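S.K.: Structure: start00.txt, compact mmCIF, C-alpha atoms.
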```txt
# COMPACT_ATOMS: atom_id res chain seq x y z
CA MET Q 1 20.00 -7.79 11.69
CA ILE Q 2 18.40 -10.60 13.67
CA SER Q 3 20.64 -13.65 13.69
CA ALA Q 4 19.66 -17.29 13.33
CA ARG Q 5 20.20 -17.70 17.08
CA LEU Q 6 16.88 -16.01 17.67
CA PHE Q 7 15.15 -19.05 16.20
CA ARG Q 8 15.85 -21.13 19.30
CA SER Q 9 12.25 -20.83 20.46
CA PRO Q 10 10.29 -20.29 17.22
CA ALA Q 11 7.05 -21.57 18.71
CA ALA Q 12 7.17 -18.85 21.33
CA ARG Q 13 7.29 -16.07 18.79
CA SER Q 14 4.66 -14.88 16.39
CA PHE Q 15 5.03 -15.81 12.75
CA ALA Q 16 5.34 -12.18 11.71
CA GLN Q 17 8.16 -11.60 14.19
CA THR Q 18 10.18 -14.69 13.29
CA ARG Q 19 10.00 -14.53 9.52
CA GLY Q 20 8.98 -10.98 8.66
CA TYR Q 21 5.84 -11.55 6.60
CA ALA Q 22 2.79 -9.31 6.56
CA SER Q 23 -0.77 -9.53 5.31
CA GLN Q 24 -2.42 -6.16 6.05
CA VAL Q 25 -1.88 -4.94 2.50
CA ALA Q 26 -3.62 -6.52 -0.51
CA LYS Q 27 -6.10 -7.85 2.01
CA PHE Q 28 -7.53 -11.33 1.48
CA GLU Q 29 -11.27 -11.13 0.85
CA GLY Q 30 -12.01 -14.84 0.50
CA LYS Q 31 -14.82 -16.53 2.42
CA LYS Q 32 -15.17 -19.97 3.96
CA ASN Q 33 -17.19 -22.53 2.04
CA ALA Q 34 -20.15 -24.53 3.32
CA ASN Q 35 -17.76 -26.91 5.11
CA GLY Q 36 -16.25 -24.09 7.14
CA LYS Q 37 -13.02 -24.21 5.13
CA TYR Q 38 -11.29 -21.99 2.62
CA THR Q 39 -10.73 -23.27 -0.90
CA VAL Q 40 -7.24 -22.66 -2.29
CA SER Q 41 -6.25 -23.19 -5.91
CA PHE Q 42 -3.22 -25.47 -6.04
CA ILE Q 43 -0.88 -25.38 -9.04
CA GLU Q 44 1.28 -28.38 -8.25
CA GLY Q 45 3.70 -27.63 -11.05
CA ASP Q 46 6.17 -29.72 -13.02
CA GLY Q 47 9.08 -32.01 -12.19
CA ILE Q 48 9.50 -32.19 -8.42
CA GLY Q 49 6.38 -30.05 -8.02
CA ILE Q 50 4.23 -33.17 -7.70
CA GLU Q 51 6.34 -34.55 -4.82
CA ILE Q 52 6.67 -31.36 -2.81
CA SER Q 53 2.96 -30.61 -3.30
CA LYS Q 54 2.15 -34.05 -1.89
CA ALA Q 55 4.29 -33.18 1.16
CA VAL Q 56 2.39 -29.93 1.70
CA LYS Q 57 -0.96 -31.71 1.50
CA SER Q 58 0.14 -34.37 4.00
CA ILE Q 59 1.41 -31.80 6.50
CA TYR Q 60 -1.69 -29.64 6.15
CA ALA Q 61 -3.90 -32.67 6.77
CA ALA Q 62 -1.91 -33.57 9.87
CA ALA Q 63 -2.11 -29.98 11.13
CA ASP Q 64 -5.86 -29.92 10.45
CA VAL Q 65 -5.62 -26.67 8.50
CA PRO Q 66 -9.11 -25.51 7.43
CA ILE Q 67 -8.28 -25.59 3.74
CA GLU Q 68 -9.59 -27.57 0.80
CA TRP Q 69 -7.33 -27.79 -2.23
CA GLU Q 70 -8.65 -27.21 -5.73
CA SER Q 71 -6.31 -28.64 -8.34
CA CYS Q 72 -5.45 -26.08 -10.98
CA ASP Q 73 -3.94 -26.99 -14.37
CA VAL Q 74 -2.08 -24.10 -15.98
CA THR Q 75 -0.68 -25.99 -18.97
CA PRO Q 76 -0.31 -23.07 -21.40
CA ILE Q 77 -2.38 -22.54 -24.50
CA LEU Q 78 -1.86 -20.17 -27.40
CA VAL Q 79 -4.54 -17.53 -27.96
CA ASN Q 80 -3.90 -15.32 -30.98
CA ASN Q 81 -0.28 -16.53 -30.89
CA GLN Q 82 0.07 -15.36 -27.29
CA THR Q 83 0.73 -17.61 -24.29
CA ALA Q 84 -2.36 -17.83 -22.08
CA ILE Q 85 -3.61 -19.71 -19.04
CA PRO Q 86 -6.59 -22.06 -19.54
CA GLN Q 87 -9.87 -20.38 -18.64
CA ALA Q 88 -10.69 -23.03 -16.03
CA ALA Q 89 -7.55 -22.10 -14.11
CA ILE Q 90 -8.29 -18.38 -14.38
CA ASP Q 91 -11.81 -18.98 -13.07
CA SER Q 92 -10.54 -21.08 -10.15
CA ILE Q 93 -7.99 -18.52 -8.99
CA ASN Q 94 -10.36 -15.57 -9.44
CA LYS Q 95 -12.97 -17.44 -7.42
CA ASN Q 96 -10.70 -18.46 -4.57
CA LEU Q 97 -8.57 -15.28 -4.63
CA VAL Q 98 -5.50 -17.20 -3.49
CA ALA Q 99 -3.31 -19.91 -4.96
CA LEU Q 100 -0.27 -21.96 -4.01
CA LYS Q 101 2.12 -22.78 -6.84
CA GLY Q 102 4.90 -25.30 -7.29
CA PRO Q 103 7.70 -24.86 -9.84
CA LEU Q 104 6.67 -24.53 -13.48
CA ALA Q 105 8.65 -25.35 -16.59
CA THR Q 106 7.74 -23.39 -19.70
CA PRO Q 107 7.49 -25.71 -22.75
CA VAL Q 108 10.55 -25.27 -24.96
CA GLY Q 109 10.22 -24.68 -28.68
CA LYS Q 110 6.45 -24.33 -28.76
CA GLY Q 111 6.18 -20.55 -28.96
CA HIS Q 112 5.24 -20.03 -25.29
CA LYS Q 113 6.46 -17.18 -23.11
CA SER Q 114 7.35 -17.72 -19.46
CA LEU Q 115 4.45 -19.26 -17.54
CA ASN Q 116 5.42 -17.37 -14.40
CA LEU Q 117 5.37 -14.08 -16.29
CA THR Q 118 2.04 -15.01 -17.85
CA LEU Q 119 0.52 -15.66 -14.41
CA ARG Q 120 1.75 -12.32 -13.10
CA LYS Q 121 0.29 -10.45 -16.04
CA THR Q 122 -2.99 -12.39 -16.06
CA PHE Q 123 -3.74 -11.56 -12.42
CA ASP Q 124 -1.84 -8.24 -12.23
CA LEU Q 125 0.44 -9.52 -9.47
CA PHE Q 126 2.28 -6.23 -9.13
CA ALA Q 127 4.55 -7.00 -6.15
CA ASN Q 128 6.80 -9.96 -5.40
CA VAL Q 129 7.67 -10.25 -1.70
CA ARG Q 130 10.86 -12.19 -0.91
CA PRO Q 131 11.97 -12.49 2.73
CA ALA Q 132 15.30 -14.20 3.47
CA LYS Q 133 16.31 -15.09 6.99
CA SER Q 134 19.05 -17.25 8.49
CA ILE Q 135 17.84 -20.59 9.81
CA GLU Q 136 19.22 -22.10 12.97
CA GLY Q 137 20.82 -25.49 12.49
CA TYR Q 138 21.81 -24.93 8.88
CA ALA Q 139 25.12 -23.07 8.79
CA THR Q 140 26.12 -20.78 5.94
CA PRO Q 141 28.95 -18.22 5.79
CA TYR Q 142 26.37 -15.65 6.95
CA GLU Q 143 24.61 -15.95 10.32
CA ASN Q 144 22.86 -12.60 10.41
CA VAL Q 145 20.63 -12.43 7.36
CA ASN Q 146 17.19 -10.89 7.77
CA THR Q 147 16.21 -9.15 4.56
CA VAL Q 148 12.90 -8.26 2.97
CA LEU Q 149 12.86 -7.39 -0.71
CA ILE Q 150 9.88 -6.22 -2.74
CA ARG Q 151 10.18 -6.38 -6.51
CA GLU Q 152 8.01 -4.62 -9.06
CA ASN Q 153 6.56 -7.57 -10.91
CA THR Q 154 4.94 -6.42 -14.15
CA GLU Q 155 7.19 -4.20 -16.25
CA GLY Q 156 10.81 -3.03 -16.55
CA GLU Q 157 13.01 -5.15 -18.81
CA TYR Q 158 10.48 -7.97 -18.52
CA SER Q 159 7.79 -6.12 -20.44
CA GLY Q 160 8.57 -8.26 -23.48
CA ILE Q 161 9.05 -5.27 -25.81
CA GLU Q 162 11.96 -6.15 -28.07
CA HIS Q 163 12.65 -6.33 -31.76
CA THR Q 164 15.37 -6.66 -34.36
CA VAL Q 165 16.55 -3.28 -35.64
CA VAL Q 166 18.68 -4.76 -38.40
CA PRO Q 167 20.21 -8.22 -38.66
CA GLY Q 168 22.68 -8.58 -35.81
CA VAL Q 169 21.20 -5.68 -33.80
CA VAL Q 170 18.31 -6.10 -31.36
CA GLN Q 171 16.60 -3.63 -29.08
CA SER Q 172 14.90 -4.44 -25.78
CA ILE Q 173 12.86 -1.68 -24.18
CA LYS Q 174 12.70 -1.08 -20.44
CA LEU Q 175 9.21 0.13 -19.61
CA ILE Q 176 8.70 2.10 -16.37
CA THR Q 177 5.37 3.77 -15.61
CA ARG Q 178 4.40 6.04 -12.76
CA GLU Q 179 1.27 3.98 -12.13
CA ALA Q 180 3.08 0.67 -11.62
CA SER Q 181 5.92 2.30 -9.70
CA GLU Q 182 3.55 4.09 -7.37
CA LYS Q 183 1.61 0.91 -6.67
CA VAL Q 184 4.61 -1.20 -5.69
CA ILE Q 185 6.31 1.59 -3.73
CA ARG Q 186 3.15 2.36 -1.76
CA TYR Q 187 2.85 -1.37 -1.03
CA ALA Q 188 6.46 -1.38 0.23
CA PHE Q 189 5.73 1.47 2.65
CA GLN Q 190 2.59 -0.20 3.93
CA TYR Q 191 4.42 -3.51 4.25
CA ALA Q 192 7.29 -1.89 6.18
CA ARG Q 193 4.82 -0.28 8.54
CA SER Q 194 2.96 -3.55 9.09
CA ILE Q 195 6.10 -5.51 10.08
CA ASN Q 196 7.63 -2.64 12.08
CA LYS Q 197 10.51 -1.91 9.73
CA PRO Q 198 11.40 1.79 10.09
CA LYS Q 199 12.75 2.40 6.61
CA VAL Q 200 12.11 1.77 2.92
CA LEU Q 201 15.23 1.56 0.76
CA VAL Q 202 14.71 2.35 -2.93
CA VAL Q 203 17.31 0.54 -5.05
CA HIS Q 204 17.95 1.97 -8.52
CA LYS Q 205 20.43 2.97 -11.24
CA ALA Q 206 19.13 6.46 -11.96
CA THR Q 207 22.69 7.70 -12.36
CA ILE Q 208 22.71 5.98 -15.77
CA MET Q 209 19.05 5.36 -16.62
CA LYS Q 210 18.03 8.87 -15.78
CA LEU Q 211 14.52 8.76 -17.25
CA SER Q 212 13.31 5.23 -16.39
CA ASP Q 213 14.91 4.71 -12.98
CA GLY Q 214 14.67 8.44 -12.47
CA LEU Q 215 10.88 8.15 -12.69
CA PHE Q 216 10.93 5.29 -10.17
CA VAL Q 217 12.99 7.40 -7.74
CA GLU Q 218 10.87 10.53 -8.14
CA THR Q 219 7.69 8.51 -7.66
CA ALA Q 220 9.13 7.08 -4.45
CA LYS Q 221 9.84 10.57 -3.13
CA ASP Q 222 6.22 11.53 -3.77
CA VAL Q 223 4.77 8.39 -2.17
CA ALA Q 224 7.03 8.80 0.89
CA LYS Q 225 5.14 11.97 1.85
CA GLU Q 226 2.12 9.77 2.70
CA PHE Q 227 4.15 7.85 5.31
CA PRO Q 228 5.84 10.26 7.72
CA ASP Q 229 6.40 7.42 10.20
CA VAL Q 230 8.53 5.43 7.73
CA SER Q 231 11.78 6.95 6.49
CA ILE Q 232 13.08 6.58 2.96
CA ASP Q 233 16.57 6.19 1.57
CA PHE Q 234 18.06 5.55 -1.87
CA GLU Q 235 20.91 3.34 -2.98
CA ILE Q 236 22.47 2.48 -6.33
CA ILE Q 237 22.12 -1.20 -7.22
CA ASP Q 238 25.92 -1.65 -7.47
CA ASN Q 239 26.38 -0.49 -3.88
CA THR Q 240 23.53 -2.63 -2.61
CA SER Q 241 25.02 -5.73 -4.21
CA LEU Q 242 28.42 -5.13 -2.65
CA LYS Q 243 27.16 -4.19 0.80
CA LEU Q 244 24.65 -7.01 1.00
CA VAL Q 245 27.29 -9.70 0.53
CA THR Q 246 29.78 -7.83 2.72
CA ASP Q 247 27.51 -7.30 5.72
CA PRO Q 248 23.83 -8.25 5.35
CA SER Q 249 23.09 -6.93 8.85
CA LYS Q 250 23.02 -3.42 7.35
CA TYR Q 251 19.66 -4.36 5.76
CA SER Q 252 17.91 -5.76 8.83
CA ASP Q 253 15.81 -2.67 9.47
CA VAL Q 254 14.71 -1.88 5.93
CA VAL Q 255 12.30 -3.07 3.28
CA MET Q 256 14.03 -2.88 -0.08
CA VAL Q 257 11.94 -2.01 -3.14
CA MET Q 258 13.22 -1.95 -6.70
CA PRO Q 259 12.30 -2.37 -10.37
CA ASN Q 260 11.74 -5.80 -11.85
CA LEU Q 261 15.15 -6.92 -13.14
CA TYR Q 262 17.07 -5.70 -10.10
CA GLY Q 263 14.59 -7.43 -7.82
CA ASP Q 264 14.88 -10.69 -9.74
CA ILE Q 265 18.66 -10.72 -9.31
CA MET Q 266 18.89 -9.35 -5.77
CA SER Q 267 16.22 -11.63 -4.35
CA ASP Q 268 18.15 -14.68 -5.54
CA LEU Q 269 21.34 -13.21 -4.15
CA ALA Q 270 19.69 -12.83 -0.73
CA SER Q 271 18.46 -16.41 -0.96
CA GLY Q 272 22.03 -17.55 -1.56
CA LEU Q 273 23.09 -15.94 1.71
CA ILE Q 274 20.80 -18.24 3.72
CA GLY Q 275 21.41 -21.45 1.80
CA GLY Q 276 19.61 -21.20 -1.52
CA LEU Q 277 16.22 -21.08 -3.17
CA GLY Q 278 15.19 -24.30 -1.43
CA LEU Q 279 14.77 -22.30 1.80
CA THR Q 280 13.16 -19.19 0.35
CA PRO Q 281 9.45 -18.36 0.42
CA SER Q 282 7.79 -16.00 -2.02
CA GLY Q 283 4.47 -14.23 -2.44
CA ASN Q 284 3.08 -12.44 -5.51
CA MET Q 285 0.55 -9.84 -4.45
CA GLY Q 286 -2.25 -8.33 -6.48
CA ASP Q 287 -5.18 -6.04 -5.72
CA ARG Q 288 -7.55 -9.04 -5.56
CA VAL Q 289 -5.59 -12.23 -6.15
CA SER Q 290 -2.36 -13.40 -4.53
CA ILE Q 291 -0.24 -16.39 -5.55
CA PHE Q 292 2.39 -17.88 -3.25
CA GLU Q 293 5.11 -19.99 -4.78
CA ALA Q 294 8.33 -21.91 -4.52
CA VAL Q 295 10.76 -19.94 -6.67
CA HIS Q 296 13.22 -22.75 -7.33
CA GLY Q 297 13.18 -24.76 -10.55
CA SER Q 298 11.31 -27.94 -11.39
CA ALA Q 299 14.54 -30.03 -11.15
CA PRO Q 300 13.59 -32.67 -13.71
CA ASP Q 301 16.89 -34.46 -13.04
CA ILE Q 302 15.67 -35.62 -9.61
CA ALA Q 303 11.91 -35.71 -10.25
CA GLY Q 304 10.26 -38.90 -9.03
CA GLN Q 305 13.30 -39.96 -6.98
CA ASN Q 306 12.02 -38.91 -3.51
CA LYS Q 307 14.89 -36.41 -3.15
CA ALA Q 308 13.11 -33.07 -3.40
CA ASN Q 309 13.09 -30.50 -0.59
CA PRO Q 310 9.57 -29.14 0.11
CA THR Q 311 10.77 -26.37 2.49
CA ALA Q 312 10.36 -23.43 0.10
CA LEU Q 313 6.82 -24.43 -0.84
CA LEU Q 314 5.95 -25.05 2.82
CA LEU Q 315 7.27 -21.66 3.94
CA SER Q 316 5.51 -19.99 1.01
CA SER Q 317 2.31 -21.71 2.12
CA CYS Q 318 2.89 -20.25 5.58
CA MET Q 319 3.03 -16.78 4.01
CA MET Q 320 -0.26 -17.69 2.36
CA LEU Q 321 -1.83 -18.75 5.66
CA GLN Q 322 -0.83 -15.52 7.30
CA HIS Q 323 -2.26 -13.58 4.36
CA MET Q 324 -5.52 -15.49 4.88
CA GLY Q 325 -5.59 -14.69 8.60
CA LEU Q 326 -4.79 -18.27 9.67
CA GLN Q 327 -1.90 -17.20 11.87
CA SER Q 328 -1.86 -20.08 14.36
CA TYR Q 329 -1.64 -22.69 11.61
CA ALA Q 330 1.17 -20.74 9.95
CA ASP Q 331 3.06 -20.64 13.25
CA LYS Q 332 2.58 -24.35 13.84
CA ILE Q 333 3.78 -25.47 10.42
CA GLN Q 334 6.67 -23.03 10.22
CA SER Q 335 7.91 -24.03 13.66
CA ALA Q 336 7.79 -27.71 12.72
CA VAL Q 337 9.70 -27.10 9.48
CA LEU Q 338 12.44 -25.09 11.19
CA LYS Q 339 12.74 -27.63 14.00
CA THR Q 340 13.12 -30.43 11.47
CA ILE Q 341 15.87 -28.60 9.57
CA ALA Q 342 17.71 -27.83 12.82
CA SER Q 343 17.48 -31.43 14.06
CA GLY Q 344 20.35 -32.67 11.92
CA PRO Q 345 21.47 -33.80 8.46
CA GLU Q 346 19.59 -37.09 8.79
CA ASN Q 347 16.37 -35.08 8.55
CA ARG Q 348 17.48 -32.72 5.77
CA THR Q 349 17.38 -33.39 2.05
CA GLY Q 350 20.47 -33.58 -0.14
CA ASP Q 351 20.40 -29.93 -1.23
CA LEU Q 352 20.85 -29.04 2.46
CA GLU Q 353 23.77 -31.44 2.86
CA GLY Q 354 21.55 -34.10 4.36
CA SER Q 355 20.52 -37.66 3.64
CA SER Q 356 16.75 -37.50 4.09
CA THR Q 357 14.18 -38.41 1.47
CA THR Q 358 11.21 -36.19 0.76
CA ASP Q 359 8.93 -38.66 2.54
CA HIS Q 360 11.15 -38.84 5.62
CA PHE Q 361 11.41 -35.06 5.86
CA THR Q 362 7.62 -34.84 5.60
CA GLU Q 363 7.19 -37.43 8.37
CA GLN Q 364 9.56 -35.53 10.66
CA VAL Q 365 7.72 -32.24 10.10
CA ILE Q 366 4.46 -33.97 11.02
CA LYS Q 367 6.06 -35.36 14.18
CA ASN Q 368 7.23 -31.86 15.10
CA LEU Q 369 3.83 -30.23 14.67
```
Output the file's structure in the form of structure tokens.
M.R.:
Amino acid sequence: MISARLFRSPAARSFAQTRGYASQVAKFEGKKNANGKYTVSFIEGDGIGIEISKAVKSIYAAADVPIEWESCDVTPILVNNQTAIPQAAIDSINKNLVALKGPLATPVGKGHKSLNLTLRKTFDLFANVRPAKSIEGYATPYENVNTVLIRENTEGEYSGIEHTVVPGVVQSIKLITREASEKVIRYAFQYARSINKPKVLVVHKATIMKLSDGLFVETAKDVAKEFPDVSIDFEIIDNTSLKLVTDPSKYSDVVMVMPNLYGDIMSDLASGLIGGLGLTPSGNMGDRVSIFEAVHGSAPDIAGQNKANPTALLLSSCMMLQHMGLQSYADKIQSAVLKTIASGPENRTGDLEGSSTTDHFTEQVIKNL
């Protein structure tokens, strides 16, 4: 696995090489507007979302990125007692084909389901891509992390199919379909090929869930025949968990792909190896629309206090830029962010054991462009 030491000259390396993102699959079909810029829907989010979104806008303006932001309000509504996204937001994202999203907090006690889940289902965002890579200048117990995890994003235990059998007994159904499994597994193979990873690792628990995970495994075997240049291997989720925290370097040459719940847990575990969700980018890919997001929470306890770390949203926006074909701007911003983090605790926010404010961090990134 590539260690953090390889980040010593990030500007000299391509974005795809240094962070392991790819954009050849789920190709962006958006067009420039009359001003010669792309329009991106921006869901600023809740809590600290407003502050970190402001940081992104300031850095993009300083870097002269050819993007115009279109504010997008996804405050949920109930349609036939089901959580839905306002039509204006749906229209904006379908028009622009790409969105950047800050952290969202689902309203409590108002009958709404998860807003993040609602967005995934609304736009059929079938794959969640979560790279995690060690960052020079911010030490963790692991110096050699370089993982890429792809999570099926639409079904599994998160299908929302559950009911009370009798009082005190509930049943939650895990839904696995060949169609959804095939789509995300094929994406994983194409993604591995595009970033020069030689292997796809299918993570499962088919030893116990013989039908559901068994279908996922069998589908993977079928899809693998289409990619003779990319090898395939299989691993039980228990073993992956143990081995990943024992020696993450074993996963440097693979793209992991797994059903929804496993991916949710394992992607956060990988983030913990590099310092937490505040350093982790994320992209949700669909056939037409893609939404890139910070996966950390809205942190209402520090909202409005100029303490928030915008790194995750910035790196997610860099994934977005690469997806849009704006590689040089992605390189420039990513390099500036990594240089700022490596420059010392005075330029890092409190979650990274630093003393910087959000505004100061933003100013330093702009200086390092």
S.K.: One number please: CA of Glu293 (chain Q) to CA of Tyr329 (chain Q), in Å, one decimal.
M.R.: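 Distance reported for this atom pair: 17.9 Å.
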S.K.: Find the spatial neighbours of Arg348 (chain Q), counting all atoms listed in the file, within a cut-off of 12 Å - ignore same-chain residues fewer than 3 positions away - and output them as a ChimeraX atom specification.
M.R.: /Q:137-138,278-279,307-311,337-345,351-365
S.K.: Just the residues within 12 Å of Lys183 (chain Q), please, counting all atoms listed in the file, with nothing from its chain fewer than 5 positions along; format it as a list in words.
M.R.: Val25, Ala26, Asp124, Leu125, Phe126, Ala127, Ile150, Arg151, Glu152, Asn153, Thr154, Thr177, Arg178, Ala188, Phe189, Gln190, Phe216, Thr219, Ala220, Asp222, Val223, Val257, Met258, Pro259, Met285, Gly286 and Asp287 of chain Q
S.K.: Neighbouring residues of region 90-105 of chain Q were defined as those with any atom within 8 Å, considering all atoms listed in the file; residues of the same chain fewer than 4 positions away were excluded. Please report them as a short mmCIF file (atom, residue, chain, number, x, y, z; two decimals) with C-alpha atoms, in the coordinates of the input.
M.R.:
```cif
data_model
loop_
_atom_site.label_atom_id
_atom_site.label_comp_id
_atom_site.auth_asym_id
_atom_site.auth_seq_id
_atom_site.Cartn_x
_atom_site.Cartn_y
_atom_site.Cartn_z
CA PHE Q 28 -7.53 -11.33 1.48
CA GLU Q 29 -11.27 -11.13 0.85
CA GLY Q 30 -12.01 -14.84 0.50
CA THR Q 39 -10.73 -23.27 -0.90
CA VAL Q 40 -7.24 -22.66 -2.29
CA SER Q 41 -6.25 -23.19 -5.91
CA PHE Q 42 -3.22 -25.47 -6.04
CA ILE Q 43 -0.88 -25.38 -9.04
CA GLU Q 44 1.28 -28.38 -8.25
CA GLY Q 45 3.70 -27.63 -11.05
CA ASP Q 46 6.17 -29.72 -13.02
CA GLY Q 47 9.08 -32.01 -12.19
CA ILE Q 48 9.50 -32.19 -8.42
CA GLY Q 49 6.38 -30.05 -8.02
CA ILE Q 50 4.23 -33.17 -7.70
CA ILE Q 52 6.67 -31.36 -2.81
CA SER Q 53 2.96 -30.61 -3.30
CA GLU Q 70 -8.65 -27.21 -5.73
CA CYS Q 72 -5.45 -26.08 -10.98
CA ILE Q 85 -3.61 -19.71 -19.04
CA PRO Q 86 -6.59 -22.06 -19.54
CA LEU Q 115 4.45 -19.26 -17.54
CA ASN Q 116 5.42 -17.37 -14.40
CA ARG Q 288 -7.55 -9.04 -5.56
CA VAL Q 289 -5.59 -12.23 -6.15
CA SER Q 290 -2.36 -13.40 -4.53
CA ILE Q 291 -0.24 -16.39 -5.55
CA PHE Q 292 2.39 -17.88 -3.25
CA GLU Q 293 5.11 -19.99 -4.78
CA ALA Q 294 8.33 -21.91 -4.52
CA VAL Q 295 10.76 -19.94 -6.67
CA HIS Q 296 13.22 -22.75 -7.33
CA GLY Q 297 13.18 -24.76 -10.55
CA SER Q 298 11.31 -27.94 -11.39
CA LEU Q 313 6.82 -24.43 -0.84
CA SER Q 316 5.51 -19.99 1.01
CA SER Q 317 2.31 -21.71 2.12
CA MET Q 320 -0.26 -17.69 2.36
#
```
S.K.: Using only C-alpha atoms, which of Q:Val170, Q:Leu369, Q:Met256, Q:Leu211 sits nearest Pro198 (chain Q)?
M.R.: Q:Met256
S.K.: To one decimal place in Å, what is the distance between CA of Arg120 (chain Q) and CA of Glu162 (chain Q)?
M.R.: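 If I compute the distance from CA of Arg120 (chain Q) to CA of Glu162 (chain Q), I get 19.1 Å.
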S.K.: What's around region 203-205 of chain Q at 10 Å? Count only C-alpha atoms, leave out sequence neighbours fewer than 4 positions away in its own chain, and write the answer as number ranges by chain.
M.R.: Q: 209-210, 212-214, 216-217, 233-241, 256-259, 262-263
